[in-house]
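First up is the structure itself, then whatever we jot down about it.
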Amino acid sequence: MSTRIVSISPAFEDLMPNEYKELVENGPYGKDYKVTDLGKYKELIEEHPLCAGCGLALSLRLVLGSLPSPEDTVIVGSTGCSALVFPQVGLHNVHSLFGNQNAVASGIKRALSLRFPDQVKDVVVVAGDGATADIGLDMVMQSWFRREKIATIMLDNEAYANTGGQESGMSMEGTVMNMAPKGKVFPKADLPKVAEASGCAYVAAASPSRPGKLGKVVRRAILIAREVGPTYVQLLSPCPTNFKTKPSDTVVTIKTREKEKSFKQYEYISDDARSFLSALDEGKQSEGKKSEGKQP
Amino acid sequence: MEPHRYKVVSGPEGFLPPAAASMGVALPEQGEGLIEGARVPAASALEEAATRLVNAKHPTFFPGPLILWNWKDGIAEKAQALKDLADTLGAKIIPMPDYRPKYPMINPEIEVNPNHPNLTIWHNKIDVCVFIGVHCHYANMALKIIRGGTDCCTIALCAEAGHEDAVISLRDFALADLHALTAAVNRLKARG
């Protein structure tokens, strides 16, 4: 635990802008907040320059609200819409060259393990579908092959959204966009299956239409990555700007996709990861019983 | 004939001033400091910093994350010593808690950001500013922006290797050096 890095030097307590005092006093550092606690504390991201109704912004808010130890987390991002948000986040984050995010994250994770051998440090990659499934697929898969203990979260808006709208490997077949006028001629890549076959201990597909589920899979991915091996979470995060939907309909868009069966929630847990989660649950239960016993 | 030496002086030097390092200004060695880009004994640089601070109309300290946050042993003492120095001078302290860009805009009254330090300097009419506890890469950028767009004298009290882009720079700046600077300020003030 290194909440010390978010404590203010006593001499400067009265000089710090309120925003920072609030983060220290009422932020998520050192607390075990979950998605259901959002709105009750000072969040790690409150302002961002993304478009109205951006599914990615919504996913990101939920991801940040699901981190088990934000004070001990390093987010590694890559080029894309999400890169516009990270400079605003009250969390350690590193922007990597387009597609290099999993290689950079591997290095950071290894360096942190050497520098802080007795502490848990979570390294979480958060990148778009272009960086994860196309340009960075080499680095992403190699990190999985090497069984790097990092969590990879793809914010899947199914397009290169901030460069005018080009199709990505994750776009649906037939997708027509500003810069893909003929429509995509091959199907959406099944990256969860690729992750599973590449050695990920935990793989999930979720979306912000079900915040509780999203929070659960993100936490699982991070906790399993600590102890077992690489994990992958794919979050469908529709882009109202490029797909010309109403900003207020982002969640509706996801639910429609679920009904159409062109998107489905998915979870794969390896045997090792399952044992780890069971042990975690048992630990929690016995802890709960202990604290119950302490109550008057 | 003595070759032309680039002098790091208060600006405004204009949009995109050159990095002092690219103009031949070298970092000070141990026991040295920089005054206007020239390597001098650290004691001379400290005395010059004290003189500029005492003579300033609106001296202001810009403490960065490395001193604002109590992240390791010894920081709280250094922070208190800086606060004491500012009180001795009657100087303002405007913090730089992190390097996140501020939207929709920064409040220059209460904070400074390396991406637009000139706003804070213009708004508060700062004529001498002191960087301390600011990570080197951000300090370098902010010092250049200040030299480019304002007439503010910059002083960098760096715990590492110093800063070529500051008008006055000290390196390996520790708690004892802060006390020494406060003592120099007191001495100069007493002299009147």
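We label chains A, B, ... in the order they appear in the structure tokens, count residues from 1 in each chain, and number ligands from 1 in the order shown.
Neighbouring residues of Pro70 in chain A at 10 Å or closer, counting only C-alpha atoms and skipping chain neighbours under 2 positions away, are Ser2, Thr3, Gly27, Pro28, Tyr29, Gly30, Lys31, Asp32, Tyr33, Leu44, Leu64, Gly65, Ser66, Leu67, Pro68, Asp72, Thr73, Val74, Ile75, Gly90, Leu91, His92, Lys121 and Asp122 of chain A.
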Dump of N, CA and C atoms for the selected residues, as a compact mmCIF listing (two decimals), in the first residue's frame:
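After the write, out_32.txt holds the following:
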# COMPACT_ATOMS: atom_id res chain seq x y z
N SER A 2 0.64 2.11 -0.93
CA SER A 2 1.46 3.32 -0.97
C SER A 2 0.58 4.56 -1.02
N THR A 3 -0.37 4.63 -0.11
CA THR A 3 -1.23 5.82 -0.07
C THR A 3 -0.44 7.05 0.38
N GLY A 27 -11.27 10.64 -1.95
CA GLY A 27 -11.00 9.90 -3.19
C GLY A 27 -10.99 8.40 -2.95
N PRO A 28 -10.69 7.63 -3.97
CA PRO A 28 -10.75 6.17 -3.84
C PRO A 28 -9.47 5.53 -3.32
N TYR A 29 -8.41 6.33 -3.11
CA TYR A 29 -7.13 5.75 -2.71
C TYR A 29 -7.24 5.05 -1.36
N GLY A 30 -6.78 3.83 -1.35
CA GLY A 30 -6.76 3.09 -0.08
C GLY A 30 -8.13 2.56 0.33
N LYS A 31 -9.13 2.83 -0.48
CA LYS A 31 -10.49 2.34 -0.16
C LYS A 31 -10.80 1.17 -1.11
N ASP A 32 -11.79 0.43 -0.75
CA ASP A 32 -12.15 -0.70 -1.61
C ASP A 32 -13.49 -0.41 -2.28
N TYR A 33 -13.54 0.68 -3.03
CA TYR A 33 -14.80 1.06 -3.68
C TYR A 33 -15.06 0.18 -4.91
N LEU A 44 -11.72 9.50 -9.98
CA LEU A 44 -10.40 9.72 -10.59
C LEU A 44 -10.50 10.50 -11.90
N LEU A 64 -12.30 2.79 -14.08
CA LEU A 64 -11.58 3.50 -13.01
C LEU A 64 -12.27 3.30 -11.66
N GLY A 65 -13.58 3.13 -11.71
CA GLY A 65 -14.33 2.90 -10.48
C GLY A 65 -14.24 1.45 -10.00
N SER A 66 -13.58 0.62 -10.77
CA SER A 66 -13.50 -0.81 -10.41
C SER A 66 -12.10 -1.24 -9.98
N LEU A 67 -11.14 -0.33 -10.04
CA LEU A 67 -9.75 -0.72 -9.73
C LEU A 67 -9.64 -1.13 -8.27
N PRO A 68 -9.07 -2.29 -7.99
CA PRO A 68 -8.97 -2.72 -6.60
C PRO A 68 -8.02 -1.86 -5.76
N ASP A 72 -2.00 1.97 -6.30
CA ASP A 72 -0.91 1.06 -6.71
C ASP A 72 -1.11 0.56 -8.13
N THR A 73 -1.79 1.36 -8.92
CA THR A 73 -2.08 0.95 -10.30
C THR A 73 -1.41 1.89 -11.29
N VAL A 74 -0.82 1.30 -12.30
CA VAL A 74 -0.30 2.09 -13.42
C VAL A 74 -1.09 1.69 -14.65
N ILE A 75 -1.70 2.69 -15.29
CA ILE A 75 -2.43 2.43 -16.53
C ILE A 75 -1.50 2.72 -17.70
N GLY A 90 -6.60 11.04 -12.36
CA GLY A 90 -5.81 11.18 -11.14
C GLY A 90 -5.14 9.88 -10.75
N LEU A 91 -4.29 9.39 -11.64
CA LEU A 91 -3.72 8.06 -11.49
C LEU A 91 -2.44 8.01 -12.32
N HIS A 92 -1.49 7.19 -11.91
CA HIS A 92 -0.29 7.03 -12.73
C HIS A 92 -0.69 6.48 -14.09
N LYS A 121 1.69 -4.24 -7.28
CA LYS A 121 1.51 -3.14 -8.22
C LYS A 121 0.76 -3.67 -9.43
N ASP A 122 -0.38 -3.09 -9.70
CA ASP A 122 -1.18 -3.54 -10.84
C ASP A 122 -0.82 -2.72 -12.07
Nearby residues (only C-alpha atoms) at most 8 Å from Gln101 in chain A, same-chain spacing under 4 positions excluded, as a PDB file with N, CA and C atoms, in the first residue's frame:
ATOM      1  N   VAL A  76      -1.467   1.824 -18.647  1.00  0.00           N
ATOM      2  CA  VAL A  76      -0.696   2.076 -19.865  1.00  0.00           C
ATOM      3  C   VAL A  76      -1.686   2.224 -21.016  1.00  0.00           C
ATOM      4  N   GLY A  77      -1.619   3.362 -21.665  1.00  0.00           N
ATOM      5  CA  GLY A  77      -2.549   3.641 -22.753  1.00  0.00           C
ATOM      6  C   GLY A  77      -1.840   3.659 -24.088  1.00  0.00           C
ATOM      7  N   SER A  78      -2.613   3.912 -25.117  1.00  0.00           N
ATOM      8  CA  SER A  78      -2.031   3.994 -26.439  1.00  0.00           C
ATOM      9  C   SER A  78      -2.779   5.046 -27.253  1.00  0.00           C
ATOM     10  N   HIS A  95       1.579   6.922 -21.552  1.00  0.00           N
ATOM     11  CA  HIS A  95       1.097   6.824 -22.930  1.00  0.00           C
ATOM     12  C   HIS A  95       2.204   6.193 -23.768  1.00  0.00           C
ATOM     13  N   SER A  96       1.855   5.136 -24.483  1.00  0.00           N
ATOM     14  CA  SER A  96       2.885   4.462 -25.280  1.00  0.00           C
ATOM     15  C   SER A  96       2.684   4.785 -26.757  1.00  0.00           C
ATOM     16  N   LEU A  97       3.688   4.461 -27.525  1.00  0.00           N
ATOM     17  CA  LEU A  97       3.587   4.617 -28.970  1.00  0.00           C
ATOM     18  C   LEU A  97       2.467   3.690 -29.477  1.00  0.00           C
ATOM     19  N   ALA A 105       3.897  -2.043 -21.065  1.00  0.00           N
ATOM     20  CA  ALA A 105       3.328  -2.524 -19.789  1.00  0.00           C
ATOM     21  C   ALA A 105       4.149  -3.687 -19.232  1.00  0.00           C
ATOM     22  N   VAL A 125      -3.370  -2.341 -18.947  1.00  0.00           N
ATOM     23  CA  VAL A 125      -3.376  -1.716 -20.271  1.00  0.00           C
ATOM     24  C   VAL A 125      -4.813  -1.347 -20.605  1.00  0.00           C
ATOM     25  N   ALA A 127      -6.606   0.327 -23.849  1.00  0.00           N
ATOM     26  CA  ALA A 127      -6.364   0.851 -25.195  1.00  0.00           C
ATOM     27  C   ALA A 127      -7.555   0.543 -26.093  1.00  0.00           C
ATOM     28  N   ALA A 131      -5.449  -0.117 -31.449  1.00  0.00           N
ATOM     29  CA  ALA A 131      -4.161  -0.379 -30.797  1.00  0.00           C
ATOM     30  C   ALA A 131      -4.041  -1.828 -30.363  1.00  0.00           C
ATOM     31  N   GLY A 136      -1.353  -3.033 -32.655  1.00  0.00           N
ATOM     32  CA  GLY A 136      -0.551  -3.578 -31.555  1.00  0.00           C
ATOM     33  C   GLY A 136      -0.740  -5.068 -31.318  1.00  0.00           C
ATOM     34  N   MET A 139       2.365  -7.048 -30.275  1.00  0.00           N
ATOM     35  CA  MET A 139       2.826  -6.828 -28.897  1.00  0.00           C
ATOM     36  C   MET A 139       1.847  -7.409 -27.876  1.00  0.00           C
ATOM     37  N   VAL A 140       0.561  -7.287 -28.182  1.00  0.00           N
ATOM     38  CA  VAL A 140      -0.466  -7.806 -27.271  1.00  0.00           C
ATOM     39  C   VAL A 140      -0.308  -9.326 -27.137  1.00  0.00           C
TER      40      VAL A 140
END
| message | Using only C-alpha atoms, which protein or nucleic acid residues come within 7 Å of Ile35 in chain B? Drop anything in the same chain fewer than 6 positions from it, and give the result as a PyMOL selection string. | response | chain B and resi 45+167-169
message: Just checking: using only C-alpha atoms, which residue out of A:Leu84, A:Lys284, A:Cys51, A:Glu43 ends up closest to chain B?
response: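 Among the listed residues, A:Leu84 lies closest to chain B.
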Using only C-alpha atoms, what table do you get, as JSON lines, when you list each residue of chain A with an atom no more than 12 Å from chain B, its nearest pair of atoms, and their distance in Å rounded to one decimal, rows by chain then rising number?
{"residue": "A:Ser2", "atom": "CA", "partner": "B:Trp71", "partner_atom": "CA", "distance": 8.6}
{"residue": "A:Thr3", "atom": "CA", "partner": "B:Trp71", "partner_atom": "CA", "distance": 8.6}
{"residue": "A:Arg4", "atom": "CA", "partner": "B:Trp71", "partner_atom": "CA", "distance": 5.3}
{"residue": "A:Ile5", "atom": "CA", "partner": "B:Trp71", "partner_atom": "CA", "distance": 4.3}
{"residue": "A:Val6", "atom": "CA", "partner": "B:Trp69", "partner_atom": "CA", "distance": 6.4}
{"residue": "A:Ser7", "atom": "CA", "partner": "B:Asn70", "partner_atom": "CA", "distance": 5.6}
{"residue": "A:Ile8", "atom": "CA", "partner": "B:Trp69", "partner_atom": "CA", "distance": 4.5}
{"residue": "A:Ser9", "atom": "CA", "partner": "B:Asn70", "partner_atom": "CA", "distance": 4.5}
{"residue": "A:Pro10", "atom": "CA", "partner": "B:Ala76", "partner_atom": "CA", "distance": 6.5}
{"residue": "A:Ala11", "atom": "CA", "partner": "B:Gln80", "partner_atom": "CA", "distance": 5.1}
{"residue": "A:Phe12", "atom": "CA", "partner": "B:Leu68", "partner_atom": "CA", "distance": 6.4}
{"residue": "A:Glu13", "atom": "CA", "partner": "B:Leu68", "partner_atom": "CA", "distance": 8.6}
{"residue": "A:Asp14", "atom": "CA", "partner": "B:Pro95", "partner_atom": "CA", "distance": 10.7}
{"residue": "A:Leu15", "atom": "CA", "partner": "B:Pro95", "partner_atom": "CA", "distance": 7.1}
{"residue": "A:Met16", "atom": "CA", "partner": "B:Pro95", "partner_atom": "CA", "distance": 6.6}
{"residue": "A:Pro17", "atom": "CA", "partner": "B:Ile110", "partner_atom": "CA", "distance": 6.6}
{"residue": "A:Asn18", "atom": "CA", "partner": "B:Ile110", "partner_atom": "CA", "distance": 9.7}
{"residue": "A:Glu19", "atom": "CA", "partner": "B:Pro97", "partner_atom": "CA", "distance": 10.2}
{"residue": "A:Tyr20", "atom": "CA", "partner": "B:Pro97", "partner_atom": "CA", "distance": 7.7}
{"residue": "A:Lys21", "atom": "CA", "partner": "B:Pro97", "partner_atom": "CA", "distance": 10.5}
{"residue": "A:Leu23", "atom": "CA", "partner": "B:Pro97", "partner_atom": "CA", "distance": 11.7}
{"residue": "A:Val24", "atom": "CA", "partner": "B:Trp69", "partner_atom": "CA", "distance": 10.5}
{"residue": "A:Leu44", "atom": "CA", "partner": "B:Arg100", "partner_atom": "CA", "distance": 12.0}
{"residue": "A:Ile45", "atom": "CA", "partner": "B:Arg100", "partner_atom": "CA", "distance": 11.2}
{"residue": "A:Glu46", "atom": "CA", "partner": "B:Tyr103", "partner_atom": "CA", "distance": 10.4}
{"residue": "A:Glu47", "atom": "CA", "partner": "B:Tyr103", "partner_atom": "CA", "distance": 7.4}
{"residue": "A:His48", "atom": "CA", "partner": "B:Tyr103", "partner_atom": "CA", "distance": 8.1}
{"residue": "A:Pro49", "atom": "CA", "partner": "B:Tyr103", "partner_atom": "CA", "distance": 8.5}
{"residue": "A:Leu84", "atom": "CA", "partner": "B:Pro101", "partner_atom": "CA", "distance": 10.6}
{"residue": "A:Val85", "atom": "CA", "partner": "B:Arg100", "partner_atom": "CA", "distance": 10.3}
{"residue": "A:Phe86", "atom": "CA", "partner": "B:Arg100", "partner_atom": "CA", "distance": 8.9}
{"residue": "A:Pro87", "atom": "CA", "partner": "B:Arg100", "partner_atom": "CA", "distance": 5.4}
{"residue": "A:Gln88", "atom": "CA", "partner": "B:Arg100", "partner_atom": "CA", "distance": 5.5}
{"residue": "A:Val89", "atom": "CA", "partner": "B:Arg100", "partner_atom": "CA", "distance": 7.7}
{"residue": "A:Gly90", "atom": "CA", "partner": "B:Arg100", "partner_atom": "CA", "distance": 8.2}
{"residue": "A:Leu91", "atom": "CA", "partner": "B:Arg100", "partner_atom": "CA", "distance": 10.1}
{"residue": "A:His92", "atom": "CA", "partner": "B:Asp98", "partner_atom": "CA", "distance": 10.7}
{"residue": "A:Asn93", "atom": "CA", "partner": "B:Arg100", "partner_atom": "CA", "distance": 10.9}
Deliver the residues from the most recent selection as a file, using N, CA and C atoms, as an mmCIF file, in the first residue's frame.
data_model
loop_
_atom_site.group_PDB
_atom_site.id
_atom_site.type_symbol
_atom_site.label_atom_id
_atom_site.label_comp_id
_atom_site.auth_asym_id
_atom_site.auth_seq_id
_atom_site.Cartn_x
_atom_site.Cartn_y
_atom_site.Cartn_z
ATOM 1 N N SER A 2 0.643 2.109 -0.934
ATOM 2 C CA SER A 2 1.461 3.320 -0.967
ATOM 3 C C SER A 2 0.581 4.558 -1.020
ATOM 4 N N THR A 3 -0.373 4.635 -0.110
ATOM 5 C CA THR A 3 -1.229 5.824 -0.073
ATOM 6 C C THR A 3 -0.439 7.046 0.379
ATOM 7 N N ARG A 4 0.780 6.811 0.855
ATOM 8 C CA ARG A 4 1.589 7.941 1.284
ATOM 9 C C ARG A 4 1.817 8.921 0.136
ATOM 10 N N ILE A 5 1.889 8.398 -1.073
ATOM 11 C CA ILE A 5 2.140 9.290 -2.208
ATOM 12 C C ILE A 5 0.962 10.227 -2.458
ATOM 13 N N VAL A 6 -0.164 9.929 -1.854
ATOM 14 C CA VAL A 6 -1.284 10.855 -2.004
ATOM 15 C C VAL A 6 -1.649 11.512 -0.668
ATOM 16 N N SER A 7 -0.618 11.736 0.171
ATOM 17 C CA SER A 7 -0.843 12.553 1.362
ATOM 18 C C SER A 7 -0.078 13.860 1.180
ATOM 19 N N ILE A 8 -0.677 14.931 1.608
ATOM 20 C CA ILE A 8 -0.110 16.262 1.349
ATOM 21 C C ILE A 8 0.923 16.595 2.430
ATOM 22 N N SER A 9 2.041 17.216 2.026
ATOM 23 C CA SER A 9 3.018 17.675 3.017
ATOM 24 C C SER A 9 2.302 18.629 3.970
ATOM 25 N N PRO A 10 2.424 18.413 5.274
ATOM 26 C CA PRO A 10 1.641 19.229 6.224
ATOM 27 C C PRO A 10 1.796 20.739 6.002
ATOM 28 N N ALA A 11 2.986 21.176 5.638
ATOM 29 C CA ALA A 11 3.205 22.620 5.464
ATOM 30 C C ALA A 11 2.353 23.205 4.348
ATOM 31 N N PHE A 12 1.914 22.369 3.436
ATOM 32 C CA PHE A 12 1.190 22.880 2.263
ATOM 33 C C PHE A 12 -0.294 22.532 2.270
ATOM 34 N N GLU A 13 -0.756 21.969 3.390
ATOM 35 C CA GLU A 13 -2.151 21.518 3.400
ATOM 36 C C GLU A 13 -3.129 22.635 3.070
ATOM 37 N N ASP A 14 -2.860 23.839 3.586
ATOM 38 C CA ASP A 14 -3.808 24.932 3.345
ATOM 39 C C ASP A 14 -3.642 25.560 1.959
ATOM 40 N N LEU A 15 -2.561 25.227 1.271
ATOM 41 C CA LEU A 15 -2.306 25.841 -0.034
ATOM 42 C C LEU A 15 -2.790 25.007 -1.213
ATOM 43 N N MET A 16 -3.013 23.739 -0.968
ATOM 44 C CA MET A 16 -3.411 22.860 -2.073
ATOM 45 C C MET A 16 -4.788 23.257 -2.592
ATOM 46 N N PRO A 17 -4.949 23.272 -3.925
ATOM 47 C CA PRO A 17 -6.287 23.537 -4.466
ATOM 48 C C PRO A 17 -7.287 22.514 -3.933
ATOM 49 N N ASN A 18 -8.534 22.953 -3.784
ATOM 50 C CA ASN A 18 -9.569 22.099 -3.189
ATOM 51 C C ASN A 18 -9.718 20.757 -3.893
ATOM 52 N N GLU A 19 -9.543 20.793 -5.223
ATOM 53 C CA GLU A 19 -9.710 19.572 -6.003
ATOM 54 C C GLU A 19 -8.799 18.455 -5.462
ATOM 55 N N TYR A 20 -7.584 18.831 -5.093
ATOM 56 C CA TYR A 20 -6.622 17.831 -4.611
ATOM 57 C C TYR A 20 -6.936 17.420 -3.177
ATOM 58 N N LYS A 21 -7.358 18.411 -2.379
ATOM 59 C CA LYS A 21 -7.716 18.073 -1.002
ATOM 60 C C LYS A 21 -8.861 17.070 -1.008
ATOM 61 N N LEU A 23 -9.578 14.969 -3.380
ATOM 62 C CA LEU A 23 -9.102 13.651 -3.838
ATOM 63 C C LEU A 23 -8.465 12.877 -2.692
ATOM 64 N N VAL A 24 -7.712 13.613 -1.856
ATOM 65 C CA VAL A 24 -7.034 12.961 -0.733
ATOM 66 C C VAL A 24 -8.050 12.527 0.320
ATOM 67 N N LEU A 44 -11.718 9.496 -9.981
ATOM 68 C CA LEU A 44 -10.401 9.724 -10.589
ATOM 69 C C LEU A 44 -10.505 10.498 -11.896
ATOM 70 N N ILE A 45 -11.661 10.470 -12.516
ATOM 71 C CA ILE A 45 -11.869 11.248 -13.742
ATOM 72 C C ILE A 45 -13.210 11.959 -13.615
ATOM 73 N N GLU A 46 -13.167 13.261 -13.814
ATOM 74 C CA GLU A 46 -14.417 14.017 -13.728
ATOM 75 C C GLU A 46 -14.662 14.864 -14.969
ATOM 76 N N GLU A 47 -13.614 15.196 -15.650
ATOM 77 C CA GLU A 47 -13.758 16.000 -16.863
ATOM 78 C C GLU A 47 -12.997 15.283 -17.960
ATOM 79 N N HIS A 48 -13.524 15.369 -19.186
ATOM 80 C CA HIS A 48 -12.792 14.774 -20.300
ATOM 81 C C HIS A 48 -13.209 15.471 -21.591
ATOM 82 N N PRO A 49 -12.362 15.397 -22.594
ATOM 83 C CA PRO A 49 -12.695 16.099 -23.837
ATOM 84 C C PRO A 49 -13.339 15.213 -24.896
ATOM 85 N N LEU A 84 -6.882 10.848 -25.113
ATOM 86 C CA LEU A 84 -7.259 12.229 -24.783
ATOM 87 C C LEU A 84 -7.727 12.337 -23.344
ATOM 88 N N VAL A 85 -8.133 11.225 -22.777
ATOM 89 C CA VAL A 85 -8.678 11.240 -21.417
ATOM 90 C C VAL A 85 -7.584 11.072 -20.376
ATOM 91 N N PHE A 86 -6.627 10.212 -20.659
ATOM 92 C CA PHE A 86 -5.687 9.832 -19.611
ATOM 93 C C PHE A 86 -4.917 10.976 -18.961
ATOM 94 N N PRO A 87 -4.553 12.014 -19.704
ATOM 95 C CA PRO A 87 -3.872 13.100 -19.000
ATOM 96 C C PRO A 87 -4.729 13.724 -17.894
ATOM 97 N N GLN A 88 -6.039 13.491 -17.923
ATOM 98 C CA GLN A 88 -6.935 14.087 -16.924
ATOM 99 C C GLN A 88 -7.126 13.196 -15.703
ATOM 100 N N VAL A 89 -6.658 11.960 -15.787
ATOM 101 C CA VAL A 89 -6.982 10.980 -14.755
ATOM 102 C C VAL A 89 -6.039 11.120 -13.555
ATOM 103 N N GLY A 90 -6.599 11.037 -12.358
ATOM 104 C CA GLY A 90 -5.807 11.184 -11.136
ATOM 105 C C GLY A 90 -5.141 9.881 -10.755
ATOM 106 N N LEU A 91 -4.290 9.393 -11.642
ATOM 107 C CA LEU A 91 -3.719 8.057 -11.493
ATOM 108 C C LEU A 91 -2.440 8.013 -12.322
ATOM 109 N N HIS A 92 -1.486 7.185 -11.909
ATOM 110 C CA HIS A 92 -0.294 7.030 -12.730
ATOM 111 C C HIS A 92 -0.689 6.477 -14.090
ATOM 112 N N ASN A 93 -0.303 7.150 -15.138
ATOM 113 C CA ASN A 93 -0.574 6.572 -16.452
ATOM 114 C C ASN A 93 0.538 6.926 -17.420
#
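CA of Lys182 in chain A sits 29.1 Å away from CA of Ala206 in chain A.
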> Could you name the residues that touch range 217-224 of chain A at 9 Å or less, counting only C-alpha atoms, but leaving out those on the same chain fewer than 2 positions away, as a ChimeraX atom specification?
Replying inline: /A:34,63,66-68,122-124,149-153,201-206,212-215,226-233,267,273,276-277
Secondary structure check, strand (DSSP E or B) residues of range 230-264 of chain A, as a list in words: Thr231, Tyr232, Val233, Gln234, Leu235 and Leu236 of chain A
- Query: If you run DSSP on this backbone, which residues of range 31-260 of chain A come out as alpha helix (DSSP H), and could you give them as a PyMOL selection string?
  - Reply: chain A and resi 55-64+101-115+129+137-145+191-197+211-227+240-243+250-259
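Relative to CA of Phe145 in chain A, CA of Ile108 in chain A is found at 17.2 Å.
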* Asked: Which neighbours of range 257-263 of chain A fall inside 10 Å, counting only C-alpha atoms, when residues of the same chain fewer than 4 positions from it are skipped, and could you give them as a PyMOL selection string?
  -> chain A and resi 172+188+205-207+209+236+251-253
For this session: Pick out the residues sitting within 8 Å of range 237-239 of chain A, and hand them over as a PyMOL selection string; count only C-alpha atoms, and ignore anything fewer than 3 positions along from it in its own chain.
Result: chain A and resi 53-56+58-59+155-158+161+207-208+242-243+245+250+253-254
Using only N, CA and C atoms, please write the residues we just selected to a file, as an mmCIF file, in the first residue's frame.
data_model
loop_
_atom_site.group_PDB
_atom_site.id
_atom_site.type_symbol
_atom_site.label_atom_id
_atom_site.label_comp_id
_atom_site.auth_asym_id
_atom_site.auth_seq_id
_atom_site.Cartn_x
_atom_site.Cartn_y
_atom_site.Cartn_z
ATOM 1 N N GLY A 53 -21.866 11.472 -25.151
ATOM 2 C CA GLY A 53 -22.401 10.121 -25.319
ATOM 3 C C GLY A 53 -21.368 9.071 -25.652
ATOM 4 N N CYS A 54 -20.103 9.408 -25.557
ATOM 5 C CA CYS A 54 -19.028 8.480 -25.911
ATOM 6 C C CYS A 54 -19.083 7.216 -25.030
ATOM 7 N N GLY A 55 -19.225 6.074 -25.654
ATOM 8 C CA GLY A 55 -19.292 4.826 -24.905
ATOM 9 C C GLY A 55 -17.989 4.519 -24.208
ATOM 10 N N LEU A 56 -16.928 4.975 -24.829
ATOM 11 C CA LEU A 56 -15.596 4.750 -24.279
ATOM 12 C C LEU A 56 -15.417 5.518 -22.958
ATOM 13 N N LEU A 58 -17.761 6.327 -20.933
ATOM 14 C CA LEU A 58 -18.583 5.639 -19.934
ATOM 15 C C LEU A 58 -17.857 4.395 -19.418
ATOM 16 N N SER A 59 -17.296 3.626 -20.350
ATOM 17 C CA SER A 59 -16.551 2.424 -19.936
ATOM 18 C C SER A 59 -15.379 2.799 -19.047
ATOM 19 N N LEU A 155 -11.033 -1.008 -25.082
ATOM 20 C CA LEU A 155 -12.252 -0.205 -25.210
ATOM 21 C C LEU A 155 -12.643 -0.291 -26.681
ATOM 22 N N ASP A 156 -13.622 -1.115 -26.956
ATOM 23 C CA ASP A 156 -13.927 -1.491 -28.342
ATOM 24 C C ASP A 156 -15.026 -0.600 -28.926
ATOM 25 N N ASN A 157 -14.621 0.453 -29.651
ATOM 26 C CA ASN A 157 -15.659 1.254 -30.324
ATOM 27 C C ASN A 157 -15.789 0.848 -31.795
ATOM 28 N N GLU A 158 -15.143 -0.215 -32.142
ATOM 29 C CA GLU A 158 -15.282 -0.855 -33.455
ATOM 30 C C GLU A 158 -14.903 0.055 -34.612
ATOM 31 N N ALA A 161 -11.793 5.943 -34.468
ATOM 32 C CA ALA A 161 -12.837 6.959 -34.335
ATOM 33 C C ALA A 161 -12.307 8.390 -34.372
ATOM 34 N N SER A 207 -19.856 -4.834 -21.230
ATOM 35 C CA SER A 207 -20.170 -3.507 -21.773
ATOM 36 C C SER A 207 -20.706 -2.630 -20.655
ATOM 37 N N PRO A 208 -20.715 -1.313 -20.860
ATOM 38 C CA PRO A 208 -21.231 -0.432 -19.807
ATOM 39 C C PRO A 208 -22.746 -0.476 -19.673
ATOM 40 N N ASN A 242 -19.161 8.573 -34.898
ATOM 41 C CA ASN A 242 -18.881 7.932 -36.178
ATOM 42 C C ASN A 242 -20.022 7.059 -36.677
ATOM 43 N N PHE A 243 -20.768 6.482 -35.741
ATOM 44 C CA PHE A 243 -21.865 5.613 -36.183
ATOM 45 C C PHE A 243 -23.194 6.356 -36.246
ATOM 46 N N THR A 245 -25.236 7.806 -34.154
ATOM 47 C CA THR A 245 -26.360 7.513 -33.256
ATOM 48 C C THR A 245 -26.500 8.669 -32.280
ATOM 49 N N THR A 250 -26.487 5.614 -26.372
ATOM 50 C CA THR A 250 -25.324 4.714 -26.371
ATOM 51 C C THR A 250 -25.638 3.369 -25.700
ATOM 52 N N THR A 253 -27.985 1.389 -27.794
ATOM 53 C CA THR A 253 -27.279 0.763 -28.919
ATOM 54 C C THR A 253 -26.701 -0.587 -28.490
ATOM 55 N N ILE A 254 -26.095 -0.618 -27.315
ATOM 56 C CA ILE A 254 -25.490 -1.873 -26.833
ATOM 57 C C ILE A 254 -26.574 -2.925 -26.608
#
